$ cat entry_37.pdb   # PDB, C-alpha atoms
ATOM      1  CA  MET A 148       0.000   0.000   0.000
ATOM      2  CA  PRO A 149       1.619   3.304  -1.059
ATOM      3  CA  VAL A 150       2.063   5.832   1.692
ATOM      4  CA  THR A 151       0.753   8.582  -0.586
ATOM      5  CA  GLU A 152      -2.755   7.123  -0.273
ATOM      6  CA  THR A 153      -2.911   7.644   3.467
ATOM      7  CA  THR A 154      -4.342  10.448   5.517
ATOM      8  CA  ALA A 155      -3.059  11.949   8.744
ATOM      9  CA  GLU A 156      -5.584   9.858  10.653
ATOM     10  CA  THR A 157      -4.360   6.567   9.182
ATOM     11  CA  ALA A 158      -2.229   4.451  11.497
ATOM     12  CA  LEU A 159       0.682   2.769   9.732
ATOM     13  CA  GLN A 160       3.407   0.280  10.491
ATOM     14  CA  ILE A 161       6.357   0.152   8.115
ATOM     15  CA  VAL A 162       8.347  -3.079   8.176
ATOM     16  CA  ALA A 163      11.694  -3.607   6.450
ATOM     17  CA  ARG A 164      13.555  -6.929   6.336
ATOM     18  CA  GLY A 165      16.998  -7.853   5.119
ATOM     19  CA  PRO A 166      20.560  -8.759   6.122
ATOM     20  CA  ARG A 167      22.035  -7.054   9.174
ATOM     21  CA  ALA A 168      24.238  -4.662   7.201
ATOM     22  CA  GLU A 169      21.292  -3.552   5.082
ATOM     23  CA  ALA A 170      19.007  -3.113   8.105
ATOM     24  CA  GLU A 171      21.621  -1.094   9.978
ATOM     25  CA  ALA A 172      22.199   1.060   6.904
ATOM     26  CA  GLY A 173      18.445   1.625   6.595
ATOM     27  CA  ALA A 174      18.232   2.637  10.249
ATOM     28  CA  ALA A 175      21.163   5.009   9.722
ATOM     29  CA  ARG A 176      19.260   6.648   6.854
ATOM     30  CA  ILE A 177      16.318   7.302   9.179
ATOM     31  CA  ASP A 178      18.618   8.705  11.870
ATOM     32  CA  ALA A 179      20.347  11.006   9.371
ATOM     33  CA  ASP A 180      17.089  12.614   8.195
ATOM     34  CA  PRO A 181      16.307  15.631  10.437
ATOM     35  CA  LEU A 182      12.628  15.416   9.488
ATOM     36  CA  LEU A 183      12.436  11.931  11.031
ATOM     37  CA  GLU A 184      14.008  12.727  14.411
ATOM     38  CA  GLY A 185      10.798  11.959  16.285
ATOM     39  CA  VAL A 186       9.948   8.682  14.545
ATOM     40  CA  THR A 187       9.765   5.628  16.774
ATOM     41  CA  TYR A 188      11.339   2.502  15.319
ATOM     42  CA  SER A 189      13.095  -0.658  16.447
ATOM     43  CA  ILE A 190      15.747  -2.825  14.827
ATOM     44  CA  LEU A 191      16.345  -6.416  15.873
ATOM     45  CA  GLU A 192      17.495  -9.821  14.706
ATOM     46  CA  GLU A 193      14.403 -11.705  13.569
ATOM     47  CA  ASP A 194      15.935 -14.990  12.375
ATOM     48  CA  GLU A 195      19.517 -15.838  13.357
ATOM     49  CA  ASP A 196      19.727 -18.942  11.160
ATOM     50  CA  ARG A 197      18.741 -16.992   8.042
ATOM     51  CA  GLY A 198      20.663 -13.860   9.022
ATOM     52  CA  LEU A 199      17.424 -11.879   8.767
ATOM     53  CA  TRP A 200      17.020  -8.527  10.522
ATOM     54  CA  ARG A 201      13.915  -6.393  10.824
ATOM     55  CA  ILE A 202      13.019  -2.740  11.255
ATOM     56  CA  ASP A 203       9.569  -1.777  12.576
ATOM     57  CA  ALA A 204       8.682   1.903  12.247
ATOM     58  CA  PHE A 205       5.529   3.632  13.510
ATOM     59  CA  PRO A 206       5.155   7.056  11.876
ATOM     60  CA  THR A 207       2.533   9.390  13.306
ATOM     61  CA  THR A 208       2.114  11.747  10.326
ATOM     62  CA  ASP A 209       1.935  11.385   6.544
ATOM     63  CA  GLU A 210       5.203  13.284   6.211
ATOM     64  CA  GLU A 211       6.966  10.869   8.555
ATOM     65  CA  ALA A 212       5.461   7.875   6.779
ATOM     66  CA  ARG A 213       6.601   9.071   3.357
ATOM     67  CA  GLY A 214      10.031   9.891   4.755
ATOM     68  CA  VAL A 215      10.527   6.529   6.459
ATOM     69  CA  GLU A 216       9.359   4.598   3.401
ATOM     70  CA  ALA A 217      11.651   6.642   1.150
ATOM     71  CA  ARG A 218      14.715   6.192   3.360
ATOM     72  CA  LEU A 219      14.199   2.439   3.716
ATOM     73  CA  THR A 220      13.461   1.778   0.054
ATOM     74  CA  GLU A 221      16.671   3.637  -0.812
ATOM     75  CA  GLN A 222      18.500   0.690   0.754
ATOM     76  CA  PRO A 223      18.481  -1.914  -2.052
ATOM     77  CA  GLY A 224      18.839  -4.969   0.184
ATOM     78  CA  LEU A 225      15.677  -4.289   2.201
ATOM     79  CA  LYS A 226      12.186  -5.535   1.468
ATOM     80  CA  VAL A 227       9.808  -2.820   2.670
ATOM     81  CA  VAL A 228       6.125  -3.317   3.448
ATOM     82  CA  VAL A 229       3.704  -0.558   4.493
ATOM     83  CA  GLU A 230       0.728  -1.844   6.449
ATOM     84  CA  LYS A 231      -2.423   0.082   7.264
ATOM     85  CA  LEU A 232      -3.571  -0.655  10.788
ATOM     86  CA  ALA A 233      -7.201  -0.831  11.776
ATOM     87  CA  ASP A 234      -8.869   2.405  12.843
ATOM     88  CA  ALA A 235      -8.460   2.942  16.581
ATOM     89  CA  ASP A 236      -7.326   5.392  19.211
ATOM     90  CA  TRP A 237      -3.716   4.333  18.763
ATOM     91  CA  LEU A 238      -2.311   6.516  21.505
ATOM     92  CA  ALA A 239      -4.712   5.060  24.048
ATOM     93  CA  MET A 240      -4.042   1.533  22.814
ATOM     94  CA  ALA A 241      -0.283   2.028  22.914
ATOM     95  CA  LEU A 242      -0.453   3.321  26.464
ATOM     96  CA  SER A 243      -2.746   0.569  27.651
ATOM     97  CA  GLY A 244      -0.474  -1.956  25.977
ATOM     98  CA  LEU A 245       2.535  -0.632  27.881
ATOM     99  CA  PRO A 246       1.624  -0.960  31.534
ATOM    100  CA  PRO A 247       4.241  -0.287  34.201
ATOM    101  CA  VAL A 248       7.003  -2.859  34.470
ATOM    102  CA  GLU A 249       7.675  -4.451  37.850
ATOM    103  CA  ALA A 250      11.045  -6.167  38.207
ATOM    104  CA  GLY A 251      12.042  -6.863  41.784
ATOM    105  CA  ARG A 252      12.285  -3.535  43.591
ATOM    106  CA  PHE A 253      12.031  -1.576  40.342
ATOM    107  CA  PHE A 254       8.862  -0.006  38.929
ATOM    108  CA  VAL A 255       9.359   1.391  35.416
ATOM    109  CA  TYR A 256       6.612   3.586  34.025
ATOM    110  CA  GLY A 257       5.797   6.231  31.432
ATOM    111  CA  ALA A 258       4.206   9.642  31.770
ATOM    112  CA  HIS A 259       0.730   8.127  31.304
ATOM    113  CA  ASP A 260       1.146   6.227  34.595
ATOM    114  CA  GLN A 261       2.302   9.211  36.634
ATOM    115  CA  GLY A 262       1.244   8.786  40.257
ATOM    116  CA  ARG A 263       0.807   5.014  40.136
ATOM    117  CA  ALA A 264       4.246   4.095  41.483
ATOM    118  CA  PRO A 265       4.085   2.248  44.846
ATOM    119  CA  SER A 266       5.907   4.004  47.666
ATOM    120  CA  ASN A 267       7.963   0.903  48.473
ATOM    121  CA  ARG A 268       9.500   0.589  44.987
ATOM    122  CA  VAL A 269      12.323   2.333  43.160
ATOM    123  CA  ALA A 270      10.229   4.216  40.595
ATOM    124  CA  LEU A 271      11.868   4.971  37.243
ATOM    125  CA  LYS A 272      10.046   7.262  34.842
ATOM    126  CA  ILE A 273      11.310   6.547  31.327
ATOM    127  CA  ASP A 274      10.552   8.397  28.104
ATOM    128  CA  ALA A 275      11.661   6.344  25.100
ATOM    129  CA  GLY A 276      11.434   9.067  22.459
ATOM    130  CA  ALA A 277      13.568   7.900  19.528
ATOM    131  CA  ALA A 278      15.662   5.600  21.712
ATOM    132  CA  PHE A 279      15.256   1.889  22.307
ATOM    133  CA  GLY A 280      14.256   0.599  25.716
ATOM    134  CA  THR A 281      11.143   1.475  27.681
ATOM    135  CA  GLY A 282      11.836  -1.373  30.095
ATOM    136  CA  HIS A 283       9.123  -3.616  28.639
ATOM    137  CA  HIS A 284      11.418  -5.805  26.552
ATOM    138  CA  GLY A 285      12.314  -9.144  28.127
ATOM    139  CA  THR A 286      16.021  -8.352  27.928
ATOM    140  CA  THR A 287      15.685  -5.175  30.005
ATOM    141  CA  VAL A 288      13.410  -6.852  32.540
ATOM    142  CA  GLY A 289      15.954  -9.647  32.909
ATOM    143  CA  CYS A 290      18.720  -7.123  33.614
ATOM    144  CA  LEU A 291      16.627  -5.347  36.256
ATOM    145  CA  ILE A 292      15.751  -8.631  37.951
ATOM    146  CA  ALA A 293      19.438  -9.579  37.970
ATOM    147  CA  LEU A 294      20.396  -6.225  39.500
ATOM    148  CA  ASP A 295      17.688  -6.514  42.143
ATOM    149  CA  GLU A 296      18.930  -9.948  43.214
ATOM    150  CA  LEU A 297      22.585  -8.867  43.298
ATOM    151  CA  LEU A 298      21.769  -5.821  45.419
ATOM    152  CA  LYS A 299      20.445  -8.083  48.163
ATOM    153  CA  ARG A 300      24.007  -9.117  48.977
ATOM    154  CA  GLU A 301      26.430  -6.567  47.490
ATOM    155  CA  ARG A 302      26.827  -2.988  46.322
ATOM    156  CA  PHE A 303      28.359  -1.605  43.139
ATOM    157  CA  GLU A 304      30.157   1.716  43.416
ATOM    158  CA  ARG A 305      31.037   2.050  39.737
ATOM    159  CA  VAL A 306      28.677   0.894  36.998
ATOM    160  CA  LEU A 307      28.984   0.963  33.207
ATOM    161  CA  ASP A 308      26.000   0.491  30.877
ATOM    162  CA  VAL A 309      27.082  -0.439  27.329
ATOM    163  CA  GLY A 310      24.425   0.304  24.701
ATOM    164  CA  ALA A 311      22.339   2.250  27.182
ATOM    165  CA  GLY A 312      19.368   3.175  24.972
ATOM    166  CA  THR A 313      16.979   5.149  27.172
ATOM    167  CA  GLY A 314      19.385   4.758  30.108
ATOM    168  CA  VAL A 315      17.064   2.747  32.348
ATOM    169  CA  LEU A 316      19.765   0.349  33.607
ATOM    170  CA  ALA A 317      22.372   2.960  34.549
ATOM    171  CA  ILE A 318      19.617   5.083  36.096
ATOM    172  CA  ALA A 319      18.443   2.082  38.122
ATOM    173  CA  ALA A 320      22.002   1.613  39.396
ATOM    174  CA  ALA A 321      22.360   5.300  40.281
ATOM    175  CA  ARG A 322      19.031   5.285  42.122
ATOM    176  CA  THR A 323      20.150   2.302  44.224
ATOM    177  CA  GLY A 324      23.416   3.752  45.472
ATOM    178  CA  SER A 325      26.033   3.503  42.731
ATOM    179  CA  ARG A 326      28.367   6.476  43.089
ATOM    180  CA  VAL A 327      29.398   6.363  39.420
ATOM    181  CA  ALA A 328      26.919   5.303  36.720
ATOM    182  CA  VAL A 329      28.119   5.818  33.155
ATOM    183  CA  GLY A 330      26.180   4.816  30.059
ATOM    184  CA  THR A 331      27.334   4.716  26.455
ATOM    185  CA  ASP A 332      25.593   4.396  23.129
ATOM    186  CA  ILE A 333      26.636   4.696  19.488
ATOM    187  CA  ASP A 334      23.362   6.515  18.748
ATOM    188  CA  GLU A 335      23.533  10.227  19.580
ATOM    189  CA  PRO A 336      19.736  10.747  19.978
ATOM    190  CA  SER A 337      19.730   7.882  22.496
ATOM    191  CA  VAL A 338      22.481   9.589  24.509
ATOM    192  CA  ARG A 339      20.467  12.805  24.603
ATOM    193  CA  ILE A 340      17.285  11.006  25.663
ATOM    194  CA  ALA A 341      19.125   8.966  28.320
ATOM    195  CA  ASN A 342      20.575  12.144  29.864
ATOM    196  CA  GLU A 343      17.097  13.677  29.857
ATOM    197  CA  ASN A 344      15.748  10.584  31.628
ATOM    198  CA  ALA A 345      18.536  10.799  34.217
ATOM    199  CA  ALA A 346      17.545  14.389  34.977
ATOM    200  CA  LEU A 347      13.877  13.392  35.074
ATOM    201  CA  ASN A 348      14.664  10.770  37.706
ATOM    202  CA  GLN A 349      17.136  12.961  39.631
ATOM    203  CA  ALA A 350      19.724  10.246  39.084
ATOM    204  CA  ARG A 351      23.472  10.881  39.049
ATOM    205  CA  ALA A 352      23.955   8.938  35.823
ATOM    206  CA  ARG A 353      25.897  10.314  32.856
ATOM    207  CA  PHE A 354      25.595   9.149  29.269
ATOM    208  CA  VAL A 355      28.193   9.636  26.554
ATOM    209  CA  HIS A 356      28.427   9.002  22.836
ATOM    210  CA  ALA A 357      31.099   6.355  22.294
ATOM    211  CA  SER A 358      31.696   3.578  19.784
ATOM    212  CA  GLY A 359      33.785   1.341  22.022
ATOM    213  CA  LEU A 360      34.985   0.719  25.554
ATOM    214  CA  ASP A 361      38.388   2.215  24.842
ATOM    215  CA  ASP A 362      36.951   5.737  24.844
ATOM    216  CA  GLN A 363      38.619   8.075  27.354
ATOM    217  CA  LYS A 364      35.240   9.024  28.838
ATOM    218  CA  ILE A 365      34.770   5.358  29.766
ATOM    219  CA  ARG A 366      38.324   4.576  30.869
ATOM    220  CA  THR A 367      38.267   7.479  33.340
ATOM    221  CA  HIS A 368      36.113   5.561  35.833
ATOM    222  CA  ALA A 369      37.471   2.058  35.219
ATOM    223  CA  PRO A 370      37.743  -0.519  36.552
ATOM    224  CA  TYR A 371      34.010  -0.967  37.112
ATOM    225  CA  ASP A 372      32.283  -3.136  39.694
ATOM    226  CA  LEU A 373      29.385  -3.906  37.357
ATOM    227  CA  VAL A 374      28.974  -3.751  33.575
ATOM    228  CA  PHE A 375      25.606  -3.997  31.841
ATOM    229  CA  ALA A 376      25.642  -4.920  28.150
ATOM    230  CA  ASN A 377      22.102  -5.243  26.811
ATOM    231  CA  ILE A 378      22.897  -5.330  23.111
ATOM    232  CA  LEU A 379      22.973  -8.328  20.721
ATOM    233  CA  ALA A 380      24.766 -11.671  20.719
ATOM    234  CA  PRO A 381      27.443 -10.903  18.067
ATOM    235  CA  PRO A 382      28.680  -7.668  19.716
ATOM    236  CA  LEU A 383      28.505  -9.354  23.132
ATOM    237  CA  VAL A 384      30.935 -11.980  21.838
ATOM    238  CA  ALA A 385      33.128  -9.359  20.173
ATOM    239  CA  LEU A 386      33.293  -7.256  23.360
ATOM    240  CA  ALA A 387      34.141 -10.096  25.737
ATOM    241  CA  GLN A 388      37.779  -9.084  26.233
ATOM    242  CA  ASP A 389      36.949  -5.363  26.441
ATOM    243  CA  ILE A 390      34.297  -6.006  29.081
ATOM    244  CA  LYS A 391      36.760  -8.119  31.058
ATOM    245  CA  THR A 392      39.311  -5.303  30.888
ATOM    246  CA  ALA A 393      36.715  -2.752  32.042
ATOM    247  CA  LEU A 394      35.781  -4.873  35.088
ATOM    248  CA  ARG A 395      37.744  -5.258  38.291
ATOM    249  CA  PRO A 396      38.615  -8.838  39.336
ATOM    250  CA  GLY A 397      35.504 -10.205  41.014
ATOM    251  CA  GLY A 398      33.308  -7.708  39.164
ATOM    252  CA  VAL A 399      29.986  -8.675  37.589
ATOM    253  CA  ALA A 400      28.789  -8.524  33.996
ATOM    254  CA  ILE A 401      25.060  -8.643  33.252
ATOM    255  CA  LEU A 402      24.662  -9.528  29.583
ATOM    256  CA  SER A 403      21.444  -9.513  27.616
ATOM    257  CA  GLY A 404      19.983  -8.868  24.184
ATOM    258  CA  LEU A 405      20.540 -12.511  23.264
ATOM    259  CA  LEU A 406      18.107 -15.281  22.488
ATOM    260  CA  ARG A 407      18.142 -18.482  24.536
ATOM    261  CA  SER A 408      19.512 -20.274  21.483
ATOM    262  CA  GLN A 409      22.523 -17.929  21.552
ATOM    263  CA  GLU A 410      23.435 -18.544  25.206
ATOM    264  CA  ARG A 411      26.063 -21.197  24.530
ATOM    265  CA  ARG A 412      28.010 -19.041  22.075
ATOM    266  CA  VAL A 413      27.986 -15.978  24.332
ATOM    267  CA  THR A 414      28.779 -17.963  27.478
ATOM    268  CA  ALA A 415      31.745 -19.657  25.795
ATOM    269  CA  ALA A 416      33.257 -16.291  24.858
ATOM    270  CA  TYR A 417      33.262 -15.240  28.518
ATOM    271  CA  THR A 418      34.069 -18.478  30.339
ATOM    272  CA  SER A 419      37.129 -18.845  28.100
ATOM    273  CA  ARG A 420      38.283 -15.525  29.597
ATOM    274  CA  GLY A 421      37.851 -16.582  33.194
ATOM    275  CA  PHE A 422      34.226 -15.607  33.850
ATOM    276  CA  LYS A 423      31.890 -17.854  35.806
ATOM    277  CA  VAL A 424      28.160 -18.005  35.139
ATOM    278  CA  GLU A 425      26.187 -17.239  38.313
ATOM    279  CA  ARG A 426      22.662 -16.911  36.973
ATOM    280  CA  ARG A 427      20.565 -17.297  33.845
ATOM    281  CA  ILE A 428      17.283 -15.402  33.627
ATOM    282  CA  HIS A 429      14.794 -16.219  30.874
ATOM    283  CA  ARG A 430      11.987 -13.932  29.753
ATOM    284  CA  ASP A 431      10.006 -15.116  26.739
ATOM    285  CA  ALA A 432      12.603 -16.127  24.107
ATOM    286  CA  TRP A 433      15.252 -13.876  25.610
ATOM    287  CA  SER A 434      18.049 -14.530  28.051
ATOM    288  CA  ALA A 435      20.058 -12.502  30.550
ATOM    289  CA  LEU A 436      23.334 -13.842  31.930
ATOM    290  CA  VAL A 437      25.016 -12.895  35.206
ATOM    291  CA  LEU A 438      28.743 -13.622  35.062
ATOM    292  CA  ARG A 439      31.532 -12.861  37.519
ATOM    293  CA  ARG A 440      35.073 -12.108  36.433
ATOM    294  CA  GLY A 441      37.766 -14.296  37.915
ATOM    295  CA  GLY A 442      40.939 -12.929  39.498
TER     296      GLY A 442
END
$ encode --input "entry_37.pdb" --output "structure tokens"
Amino acid sequence: MPVTETTAETALQIVARGPRAEAEAGAARIDADPLLEGVTYSILEEDEDRGLWRIDAFPTTDEEARGVEARLTEQPGLKVVVEKLADADWLAMALSGLPPVEAGRFFVYGAHDQGRAPSNRVALKIDAGAAFGTGHHGTTVGCLIALDELLKRERFERVLDVGAGTGVLAIAAARTGSRVAVGTDIDEPSVRIANENAALNQARARFVHASGLDDQKIRTHAPYDLVFANILAPPLVALAQDIKTALRPGGVAILSGLLRSQERRVTAAYTSRGFKVERRIHRDAWSALVLRRGG
């Protein structure tokens, strides 16, 4: 269905599928277009065996819809489909479909649930904007559950969040006593949104734009007591040595963004470097791993 046939009241979902490199290039085209700064989209691995990645975009205006479709179809390796969604109050449905997240002591909510946070929980108000990670995804929930359980027996003075997205994990650490909470992301809009969320939650968490763990802004606070890496299986494997270097001996890594079927590959990359697996947390098809660095 061509976007040009829609009206401003038409709700659309634009889906693009293709190899990882093509999907990432398509996402980069969206990010580079100043007219699409406010568009919400996600990018994820849909089928590991086939190497298939997927972008889901949800434009809210005709201009955004035309722009997203144009940017994605410019990428020759992507198959793009524009779907008209049934008439509905999409804002109300989206909000009702995203209830607050409860993960141990943490209560993650959006502006539409203002005032609903229980007094005995650590309430985190998160605005996703153009960044990934409202706290509803199974990978983020797994990380929060892991942090909650660890905090019952130890404290983490210095925390690093790799691929921070909206910043919810570093903010959660800062709100539970971490003196240093640093988050990084390769996506500049995500860094901006994460810093805004930190201010919103009065959390002493700082987010920086960095493409790797060797960045001076990250090395300044190393070694860390805890490293979050909620990204994807291939970069988790590639970053195994860097994460070990960033951690103090005895420090903890909470890894997520991987499917259960990818656990063995990710675990092997870390155990071969002296890590020990302390906990596996499964949410839907997703997995979170708690590993401790050896001496």
$ residues_near_point --input "entry_37.pdb" --point "(15.4, -2.3, 41.5)" --cutoff "8 Å" --atoms "all atoms listed in the file" --output "ChimeraX atom specification"
/A:250-254,268-269,291-292,294-295,319-320,323
$ resolve_selection --input "entry_37.pdb" --expression "the PyMOL selection byres ((chain A and resi 332) around 10)" --output "list in words"
Asp308, Val309, Gly310, Ala311, Gly312, Thr313, Gly314, Gly330, Thr331, Ile333, Asp334, Glu335, Pro336, Ser337, Val338, Arg339, Ala341, Phe354, Val355, His356, Ala357, Ser358 and Gly359 of chain A
$ residues_around --input "entry_37.pdb" --residues "region 377-386 of chain A" --least-positions-apart "2" --cutoff "8 Å" --atoms "only C-alpha atoms" --output "PyMOL selection string"
chain A and resi 286-287+290+309-311+375+388-390+401-406+409+412-413+416-417
$ closest_residue --input "entry_37.pdb" --among "A:Val229, A:Val437, A:Ile273, A:Leu191" --to "Gly165 (chain A)" --atoms "only C-alpha atoms"
A:Leu191
$ residues_around --input "entry_37.pdb" --residues "region 346-353 of chain A" --least-positions-apart "6" --cutoff "8 Å" --atoms "all atoms listed in the file" --output "list in words"
Leu271, Lys272, Ala317, Ile318, Ala321, Arg322, Arg326, Val327, Ala328, Val329 and Gly330 of chain A
$ closest_residue --input "entry_37.pdb" --among "A:Ala168, A:Glu301, A:Ile161, A:Ala376" --to "Tyr188 (chain A)" --atoms "all atoms listed in the file"
A:Ile161
$ closest_residue --input "entry_37.pdb" --among "A:Leu307, A:Val186, A:Ile340, A:Ala270" --to "Arg366 (chain A)" --atoms "only C-alpha atoms"
A:Leu307
$ atom_distance --input "entry_37.pdb" --atom1 "CA of Tyr371 (chain A)" --atom2 "CA of Arg305 (chain A)"
5.0 Å
$ resolve_selection --input "entry_37.pdb" --expression "the PyMOL selection byres ((chain A and resi 212-225) around 12)" --output "PyMOL selection string"
chain A and resi 148-188+199-211+226-231
$ atom_distance --input "entry_37.pdb" --atom1 "CA of Ser266 (chain A)" --atom2 "CA of Val248 (chain A)"
14.9 Å
$ atom_distance --input "entry_37.pdb" --atom1 "CA of Gly397 (chain A)" --atom2 "CA of Thr414 (chain A)"
17.0 Å
$ closest_residue --input "entry_37.pdb" --among "A:Thr418, A:Val306, A:Ser408, A:Ala345" --to "His368 (chain A)" --atoms "all atoms listed in the file"
A:Val306
$ axis_aligned_box --input "entry_37.pdb" --around "region 407-417 of chain A" --padding-each-side "3 Å" --output "AutoDock Vina command-line options"
--center_x 25.7 --center_y -18.2 --center_z 25.0 --size_x 21.1 --size_y 12.0 --size_z 13.0
$ build_atoms --input "entry_37.pdb" --residues "region 393-416 of chain A" --atoms "N, CA and C atoms" --output "mmCIF file, in the coordinates of the input"
data_model
loop_
_atom_site.group_PDB
_atom_site.id
_atom_site.type_symbol
_atom_site.label_atom_id
_atom_site.label_comp_id
_atom_site.auth_asym_id
_atom_site.auth_seq_id
_atom_site.Cartn_x
_atom_site.Cartn_y
_atom_site.Cartn_z
ATOM 1 N N ALA A 393 37.414 -3.849 31.362
ATOM 2 C CA ALA A 393 36.715 -2.752 32.042
ATOM 3 C C ALA A 393 36.320 -3.116 33.469
ATOM 4 N N LEU A 394 36.224 -4.410 33.769
ATOM 5 C CA LEU A 394 35.781 -4.873 35.088
ATOM 6 C C LEU A 394 36.960 -5.118 36.024
ATOM 7 N N ARG A 395 36.763 -4.866 37.288
ATOM 8 C CA ARG A 395 37.744 -5.258 38.291
ATOM 9 C C ARG A 395 37.653 -6.770 38.494
ATOM 10 N N PRO A 396 38.724 -7.421 38.971
ATOM 11 C CA PRO A 396 38.615 -8.838 39.336
ATOM 12 C C PRO A 396 37.508 -9.028 40.365
ATOM 13 N N GLY A 397 36.648 -9.988 40.137
ATOM 14 C CA GLY A 397 35.504 -10.205 41.014
ATOM 15 C C GLY A 397 34.292 -9.392 40.628
ATOM 16 N N GLY A 398 34.427 -8.515 39.625
ATOM 17 C CA GLY A 398 33.308 -7.708 39.164
ATOM 18 C C GLY A 398 32.286 -8.536 38.401
ATOM 19 N N VAL A 399 31.117 -7.956 38.193
ATOM 20 C CA VAL A 399 29.986 -8.675 37.589
ATOM 21 C C VAL A 399 29.621 -8.070 36.242
ATOM 22 N N ALA A 400 29.339 -8.945 35.288
ATOM 23 C CA ALA A 400 28.789 -8.524 33.996
ATOM 24 C C ALA A 400 27.376 -9.086 33.871
ATOM 25 N N ILE A 401 26.427 -8.212 33.547
ATOM 26 C CA ILE A 401 25.060 -8.643 33.252
ATOM 27 C C ILE A 401 24.867 -8.448 31.754
ATOM 28 N N LEU A 402 24.742 -9.555 31.040
ATOM 29 C CA LEU A 402 24.662 -9.528 29.583
ATOM 30 C C LEU A 402 23.267 -9.906 29.128
ATOM 31 N N SER A 403 22.749 -9.163 28.164
ATOM 32 C CA SER A 403 21.444 -9.513 27.616
ATOM 33 C C SER A 403 21.347 -8.989 26.188
ATOM 34 N N GLY A 404 20.156 -9.180 25.595
ATOM 35 C CA GLY A 404 19.983 -8.868 24.184
ATOM 36 C C GLY A 404 20.154 -10.114 23.337
ATOM 37 N N LEU A 405 20.325 -11.265 23.986
ATOM 38 C CA LEU A 405 20.540 -12.511 23.264
ATOM 39 C C LEU A 405 19.350 -13.442 23.426
ATOM 40 N N LEU A 406 19.131 -14.255 22.419
ATOM 41 C CA LEU A 406 18.107 -15.281 22.488
ATOM 42 C C LEU A 406 18.630 -16.477 23.277
ATOM 43 N N ARG A 407 17.719 -17.289 23.790
ATOM 44 C CA ARG A 407 18.142 -18.482 24.536
ATOM 45 C C ARG A 407 19.039 -19.371 23.678
ATOM 46 N N SER A 408 18.729 -19.437 22.390
ATOM 47 C CA SER A 408 19.512 -20.274 21.483
ATOM 48 C C SER A 408 20.938 -19.762 21.299
ATOM 49 N N GLN A 409 21.193 -18.516 21.712
ATOM 50 C CA GLN A 409 22.523 -17.929 21.552
ATOM 51 C C GLN A 409 23.344 -17.985 22.843
ATOM 52 N N GLU A 410 22.761 -18.515 23.906
ATOM 53 C CA GLU A 410 23.435 -18.544 25.206
ATOM 54 C C GLU A 410 24.787 -19.235 25.149
ATOM 55 N N ARG A 411 24.841 -20.399 24.517
ATOM 56 C CA ARG A 411 26.063 -21.197 24.530
ATOM 57 C C ARG A 411 27.221 -20.438 23.900
ATOM 58 N N ARG A 412 26.943 -19.772 22.774
ATOM 59 C CA ARG A 412 28.010 -19.041 22.075
ATOM 60 C C ARG A 412 28.512 -17.872 22.919
ATOM 61 N N VAL A 413 27.583 -17.129 23.525
ATOM 62 C CA VAL A 413 27.986 -15.978 24.332
ATOM 63 C C VAL A 413 28.707 -16.445 25.595
ATOM 64 N N THR A 414 28.160 -17.459 26.252
ATOM 65 C CA THR A 414 28.779 -17.963 27.478
ATOM 66 C C THR A 414 30.206 -18.438 27.218
ATOM 67 N N ALA A 415 30.413 -19.140 26.114
ATOM 68 C CA ALA A 415 31.745 -19.657 25.795
ATOM 69 C C ALA A 415 32.760 -18.537 25.640
ATOM 70 N N ALA A 416 32.338 -17.418 25.059
ATOM 71 C CA ALA A 416 33.257 -16.291 24.858
ATOM 72 C C ALA A 416 33.739 -15.718 26.183
#
